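The structure appears below as structure tokens.
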Amino acid sequence: MLELRQDLNPSDQVRHEIEEVLAVGRTAWQHYLFFRSKVHGVCVALDGDLQSCEADEGLYHEALVHPAMLAHPAPRRVLIMGGGEGATLREVLRHPSVSEVVMVDLDEEFVGLCQRLIPDWAEGAWDDPRLELRHEDIVRYLEHTPGGFDVVVGDLIDASDAESPASGLYAPEFYRRLAAALAPGAVLATQAGPLAPGAIRGHRRVRASLAQAFSRVHSYGIYVPSFTGLWGYVLAGAADLIPGGYAEHRALFELRARERGLDLEHTGPEALAAAFALPRRLTAALEGGA
């Protein structure tokens with residue numbers, strides 16, 4: 001039986017059985033593997049790490065996109081960093097106020113593979129006239145963009161480890177440069193790696209970096225079965241980004257989802273609000289090192 005073995009942390013490893021290999025190879029930037037799992041459906045792995053699976057990518061992508069989009073009263077211009085599968089783009093375009101989405105993904109070949117092998121994940125988003133798709137380094141793009149983005153969504157590879165070649169995309173210098181490209185009252189959300197009390201350093205590093213560029217940061221997490229644990233995100237913006245606790249989060253998400261005609265079929269406003277109510281042990285670990 002073919003399998004993908006993935007290191008979750010310095011002590012744990014998970015084994016994914018491969019029912020069928022759909023595509024495997026290397027682009028100029030990374031190794032890719034598209035395969036079918038009996039439990040998770042079509043899955044995508046990059047450099048040996050699982051990125052998305054058909055059965056639960058909706059959980060991951062709704063949690064990544066909608067808290068930021070719903071926190072903003074009327075998001076019009078949106079920047080997506082990464083997101084090659086097209087699912088992040090799909091979720092952003094569900095908001096009727098959006099007039100322009102700039103998606104910057106360095107790896108044109110990988111995006112092309114996603115368009116060919118998993119076109120259903122985008123649900124037609126690749127052909128939406130509001131999309132401007134760019135294949136270039138996000139740092140270089142920020143040097144010449146006119147800015148004015150209302151929401152930024154970071155769906156880059158998990159590189160929260162300071163030793164990763166892509167760790168600069170989670171560093172304070174990068175976020176300060178990114179903040180200069182945002183409109184007043186803008187909101188940012190990024191994936192920020194696993195949330196586990198014994199392996200939280202990477203998430204804490206992303207959170208601390210964002211705190212140097214934004215006045216308020218919120219960690220949140222949702223369980224993604226194919227990731228075998230609680231997956232973390234960080235929401236950042238102005239101090240009045242999302243006031244209060246669970247009740248206020250839920251009321252805001254429910255109101256704006258209803259106003260925009262959004263049916264969040266994988267998560268829902270209640271689960272998105274609850275995602276910000278992390279266990280005390282995790283909250284203490286985050287606050288102790290951020």
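In the structure tokens, each chain is lettered A, B, ... as it comes, each chain's residues begin at 1, and ligands are numbered from 1 in order of appearance.
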
Taking the chain letters and numbering used in this document, name the residues of region 193-272 of chain A that DSSP puts in strand (DSSP E), as a list in words.
->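 Matching residues, listed in order: Gly193, Pro194, Arg216, Val217, His218, Ser219, Tyr220, Gly221, Ile222, Tyr223, Val224, Gly229, Leu230, Trp231, Gly232, Tyr233, Val234, Leu235, Ala236 and Gly237 of chain A.
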
Self-check item: Near-Val217 (chain A) list (8 Å; only C-alpha atoms; drop same-chain fewer than 5 positions) as a PyMOL selection string
Solution: chain A and resi 207+210-211+234-237

N, CA and C atoms of the current selection, written as a tab-separated table (two decimals), in the first residue's frame:
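What follows is the written file out-v5.tsv:
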chain	number	residue	atom	x	y	z
A	207	ARG	N	1.67	35.06	15.79
A	207	ARG	CA	0.86	35.99	16.58
A	207	ARG	C	1.71	37.19	17.04
A	210	LEU	N	2.51	39.55	14.09
A	210	LEU	CA	1.36	40.38	13.72
A	210	LEU	C	1.12	41.49	14.75
A	211	ALA	N	1.39	41.21	16.01
A	211	ALA	CA	1.17	42.19	17.06
A	211	ALA	C	2.08	43.40	16.92
A	234	VAL	N	-4.84	33.35	12.91
A	234	VAL	CA	-4.77	34.62	13.64
A	234	VAL	C	-5.52	35.67	12.83
A	235	LEU	N	-6.37	36.42	13.53
A	235	LEU	CA	-7.11	37.54	12.97
A	235	LEU	C	-6.49	38.80	13.53
A	236	ALA	N	-6.21	39.78	12.68
A	236	ALA	CA	-5.53	40.99	13.12
A	236	ALA	C	-6.18	42.22	12.50
A	237	GLY	N	-6.11	43.33	13.23
A	237	GLY	CA	-6.66	44.58	12.72
A	237	GLY	C	-6.68	45.63	13.80

Using only C-alpha atoms, which residues of region 68-111 of chain A come within 7 Å of region 245-267 of chain A, and what is the closest atom pair for each, with the distance in Å to one decimal? Give it as JSON lines, sorted by chain and residue number.
{"residue": "A:Leu70", "atom": "CA", "partner": "A:Phe253", "partner_atom": "CA", "distance": 6.0}
{"residue": "A:His95", "atom": "CA", "partner": "A:Arg260", "partner_atom": "CA", "distance": 6.5}
{"residue": "A:Pro96", "atom": "CA", "partner": "A:Arg260", "partner_atom": "CA", "distance": 6.6}

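Within 10 Å of Pro184 (chain A), once only C-alpha atoms are used and residues closer than 5 positions along the same chain are dropped, the contacting residues are Gly148, Phe149, Asp150, Ala179, Gly237 and Ala238 of chain A.
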
List as a tab-separated table every residue of region 6-101 of chain A that is in contact with region 272-284 of chain A, defined as an atom at most 12 Å from one of its atoms (using only C-alpha atoms), together with the nearest atom pair and the distance in Å rounded to one decimal, sorted by chain and then rising number.
residue	atom	partner	partner_atom	distance
A:Leu59	CA	A:Leu272	CA	10.0
A:Tyr60	CA	A:Leu272	CA	11.0
A:His61	CA	A:Leu272	CA	11.6
A:Glu62	CA	A:Leu272	CA	8.6
A:Ala63	CA	A:Leu272	CA	6.5
A:Leu64	CA	A:Leu272	CA	9.7
A:Val65	CA	A:Leu272	CA	10.4
A:His66	CA	A:Leu272	CA	8.2
A:Pro67	CA	A:Leu272	CA	6.9
A:Ala68	CA	A:Leu272	CA	10.7
A:Met69	CA	A:Leu272	CA	12.0
A:Leu70	CA	A:Leu272	CA	10.4
A:Ala71	CA	A:Ala273	CA	11.2

Please write the residues from the selection above to a file, keeping N, CA and C atoms, as a PDB file, in the first residue's frame.
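Result file follows (result16.pdb):
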ATOM      1  N   LEU A  59     -14.105  23.043   5.948  1.00  0.00           N
ATOM      2  CA  LEU A  59     -13.884  23.464   7.329  1.00  0.00           C
ATOM      3  C   LEU A  59     -12.697  24.416   7.411  1.00  0.00           C
ATOM      4  N   TYR A  60     -11.596  24.005   6.813  1.00  0.00           N
ATOM      5  CA  TYR A  60     -10.378  24.820   6.859  1.00  0.00           C
ATOM      6  C   TYR A  60     -10.583  26.175   6.192  1.00  0.00           C
ATOM      7  N   HIS A  61     -11.139  26.177   4.988  1.00  0.00           N
ATOM      8  CA  HIS A  61     -11.217  27.418   4.222  1.00  0.00           C
ATOM      9  C   HIS A  61     -12.294  28.369   4.732  1.00  0.00           C
ATOM     10  N   GLU A  62     -13.424  27.851   5.199  1.00  0.00           N
ATOM     11  CA  GLU A  62     -14.421  28.739   5.789  1.00  0.00           C
ATOM     12  C   GLU A  62     -13.869  29.402   7.044  1.00  0.00           C
ATOM     13  N   ALA A  63     -13.146  28.629   7.864  1.00  0.00           N
ATOM     14  CA  ALA A  63     -12.574  29.202   9.081  1.00  0.00           C
ATOM     15  C   ALA A  63     -11.482  30.216   8.769  1.00  0.00           C
ATOM     16  N   LEU A  64     -10.750  30.000   7.698  1.00  0.00           N
ATOM     17  CA  LEU A  64      -9.702  30.942   7.308  1.00  0.00           C
ATOM     18  C   LEU A  64     -10.280  32.257   6.808  1.00  0.00           C
ATOM     19  N   VAL A  65     -11.305  32.179   5.967  1.00  0.00           N
ATOM     20  CA  VAL A  65     -11.781  33.351   5.229  1.00  0.00           C
ATOM     21  C   VAL A  65     -12.849  34.158   5.965  1.00  0.00           C
ATOM     22  N   HIS A  66     -13.861  33.501   6.493  1.00  0.00           N
ATOM     23  CA  HIS A  66     -15.072  34.241   6.867  1.00  0.00           C
ATOM     24  C   HIS A  66     -14.981  35.068   8.146  1.00  0.00           C
ATOM     25  N   PRO A  67     -14.217  34.692   9.171  1.00  0.00           N
ATOM     26  CA  PRO A  67     -14.113  35.621  10.298  1.00  0.00           C
ATOM     27  C   PRO A  67     -13.598  37.003   9.882  1.00  0.00           C
ATOM     28  N   ALA A  68     -12.595  37.054   9.025  1.00  0.00           N
ATOM     29  CA  ALA A  68     -12.083  38.352   8.565  1.00  0.00           C
ATOM     30  C   ALA A  68     -13.086  39.064   7.679  1.00  0.00           C
ATOM     31  N   MET A  69     -13.695  38.340   6.750  1.00  0.00           N
ATOM     32  CA  MET A  69     -14.655  38.962   5.833  1.00  0.00           C
ATOM     33  C   MET A  69     -15.889  39.460   6.579  1.00  0.00           C
ATOM     34  N   LEU A  70     -16.340  38.708   7.573  1.00  0.00           N
ATOM     35  CA  LEU A  70     -17.514  39.113   8.339  1.00  0.00           C
ATOM     36  C   LEU A  70     -17.189  40.207   9.346  1.00  0.00           C
ATOM     37  N   ALA A  71     -15.944  40.290   9.780  1.00  0.00           N
ATOM     38  CA  ALA A  71     -15.550  41.348  10.702  1.00  0.00           C
ATOM     39  C   ALA A  71     -15.554  42.707  10.009  1.00  0.00           C
TER      40      ALA A  71
END

Would you mind reading off the distance between CA of Met81 (chain A) and CA of Ile138 (chain A), one decimal, in Å?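 Taking CA of Met81 (chain A) as the start and CA of Ile138 (chain A) as the end point, the length is 7.1 Å.
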
All alpha helix (DSSP H) positions in region 108-277 of chain A, as a PyMOL selection string:
chain A and resi 108-117+138-144+172-179+201-211+246-259+269-274

Quiz prompt | Contacts of Val21 (chain A) at 8 Å (only C-alpha atoms; same-chain gap of 5+ positions) as number ranges by chain | solution = A: 33-36

Those same residues, written as an mmCIF file, in the first residue's frame with C-alpha atoms?
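What landed in selection36.cif:
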data_model
loop_
_atom_site.group_PDB
_atom_site.id
_atom_site.type_symbol
_atom_site.label_atom_id
_atom_site.label_comp_id
_atom_site.auth_asym_id
_atom_site.auth_seq_id
_atom_site.Cartn_x
_atom_site.Cartn_y
_atom_site.Cartn_z
ATOM 1 C CA LEU A 33 1.424 15.066 -4.672
ATOM 2 C CA PHE A 34 -2.252 14.768 -5.555
ATOM 3 C CA PHE A 35 -3.743 11.515 -4.300
ATOM 4 C CA ARG A 36 -7.010 9.869 -3.368
#

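One distance worth recording is that between CA of Glu287 (chain A) and CA of Asp155 (chain A), which is 24.1 Å.
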
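For the pair CA of Gly58 (chain A) and CA of Ile80 (chain A), the separation is 16.8 Å.
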
With a distance cut-off of 12 Å and only C-alpha atoms, select the neighbouring residues of Ala285 (chain A), excluding the residue or stretch itself and same-chain residues fewer than 6 positions from it, and output the selection as a list in words.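 Within the cut-off, the hits are Leu195, Ala196, Pro197, Gly198, Ala199, Ile200, Arg201, Gly202, His203, Arg204, Arg205, Ser219, Leu278 and Pro279 of chain A.
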
Based on the selection just made, write N, CA, C and O atoms of those residues as a PDB file, in the first residue's frame.
ATOM      1  N   LEU A 195      -2.464  24.155  16.767  1.00  0.00           N
ATOM      2  CA  LEU A 195      -2.600  24.665  18.135  1.00  0.00           C
ATOM      3  C   LEU A 195      -2.559  23.480  19.088  1.00  0.00           C
ATOM      4  O   LEU A 195      -3.521  22.731  19.203  1.00  0.00           O
ATOM      5  N   ALA A 196      -1.446  23.312  19.745  1.00  0.00           N
ATOM      6  CA  ALA A 196      -1.284  22.232  20.712  1.00  0.00           C
ATOM      7  C   ALA A 196      -0.397  22.748  21.837  1.00  0.00           C
ATOM      8  O   ALA A 196       0.627  23.387  21.576  1.00  0.00           O
ATOM      9  N   PRO A 197      -0.765  22.521  23.087  1.00  0.00           N
ATOM     10  CA  PRO A 197       0.013  23.085  24.201  1.00  0.00           C
ATOM     11  C   PRO A 197       1.496  22.758  24.159  1.00  0.00           C
ATOM     12  O   PRO A 197       2.327  23.593  24.510  1.00  0.00           O
ATOM     13  N   GLY A 198       1.847  21.568  23.684  1.00  0.00           N
ATOM     14  CA  GLY A 198       3.246  21.182  23.655  1.00  0.00           C
ATOM     15  C   GLY A 198       3.987  21.565  22.394  1.00  0.00           C
ATOM     16  O   GLY A 198       5.197  21.363  22.297  1.00  0.00           O
ATOM     17  N   ALA A 199       3.283  22.109  21.428  1.00  0.00           N
ATOM     18  CA  ALA A 199       3.916  22.469  20.150  1.00  0.00           C
ATOM     19  C   ALA A 199       3.264  23.727  19.608  1.00  0.00           C
ATOM     20  O   ALA A 199       2.675  23.731  18.535  1.00  0.00           O
ATOM     21  N   ILE A 200       3.382  24.800  20.361  1.00  0.00           N
ATOM     22  CA  ILE A 200       2.672  26.033  20.036  1.00  0.00           C
ATOM     23  C   ILE A 200       3.614  27.165  19.635  1.00  0.00           C
ATOM     24  O   ILE A 200       3.192  28.271  19.343  1.00  0.00           O
ATOM     25  N   ARG A 201       4.904  26.869  19.586  1.00  0.00           N
ATOM     26  CA  ARG A 201       5.880  27.923  19.320  1.00  0.00           C
ATOM     27  C   ARG A 201       5.646  28.600  17.972  1.00  0.00           C
ATOM     28  O   ARG A 201       5.743  29.820  17.859  1.00  0.00           O
ATOM     29  N   GLY A 202       5.330  27.807  16.935  1.00  0.00           N
ATOM     30  CA  GLY A 202       5.129  28.400  15.613  1.00  0.00           C
ATOM     31  C   GLY A 202       3.955  29.345  15.580  1.00  0.00           C
ATOM     32  O   GLY A 202       4.046  30.453  15.052  1.00  0.00           O
ATOM     33  N   HIS A 203       2.826  28.934  16.138  1.00  0.00           N
ATOM     34  CA  HIS A 203       1.656  29.812  16.171  1.00  0.00           C
ATOM     35  C   HIS A 203       1.947  31.074  16.977  1.00  0.00           C
ATOM     36  O   HIS A 203       1.583  32.174  16.576  1.00  0.00           O
ATOM     37  N   ARG A 204       2.627  30.901  18.089  1.00  0.00           N
ATOM     38  CA  ARG A 204       2.936  32.054  18.944  1.00  0.00           C
ATOM     39  C   ARG A 204       3.841  33.047  18.218  1.00  0.00           C
ATOM     40  O   ARG A 204       3.721  34.264  18.392  1.00  0.00           O
ATOM     41  N   ARG A 205       4.734  32.521  17.385  1.00  0.00           N
ATOM     42  CA  ARG A 205       5.620  33.401  16.619  1.00  0.00           C
ATOM     43  C   ARG A 205       4.832  34.228  15.615  1.00  0.00           C
ATOM     44  O   ARG A 205       5.068  35.432  15.463  1.00  0.00           O
ATOM     45  N   SER A 219      -6.180  34.925  18.313  1.00  0.00           N
ATOM     46  CA  SER A 219      -5.944  33.558  17.876  1.00  0.00           C
ATOM     47  C   SER A 219      -7.257  32.796  17.919  1.00  0.00           C
ATOM     48  O   SER A 219      -8.090  33.008  18.805  1.00  0.00           O
ATOM     49  N   LEU A 278     -10.810  29.623  22.926  1.00  0.00           N
ATOM     50  CA  LEU A 278      -9.840  28.544  23.045  1.00  0.00           C
ATOM     51  C   LEU A 278      -9.767  28.026  24.481  1.00  0.00           C
ATOM     52  O   LEU A 278     -10.061  28.750  25.434  1.00  0.00           O
ATOM     53  N   PRO A 279      -9.384  26.770  24.661  1.00  0.00           N
ATOM     54  CA  PRO A 279      -9.214  26.234  26.012  1.00  0.00           C
ATOM     55  C   PRO A 279      -8.237  27.074  26.829  1.00  0.00           C
ATOM     56  O   PRO A 279      -7.294  27.667  26.288  1.00  0.00           O
TER      57      PRO A 279
END
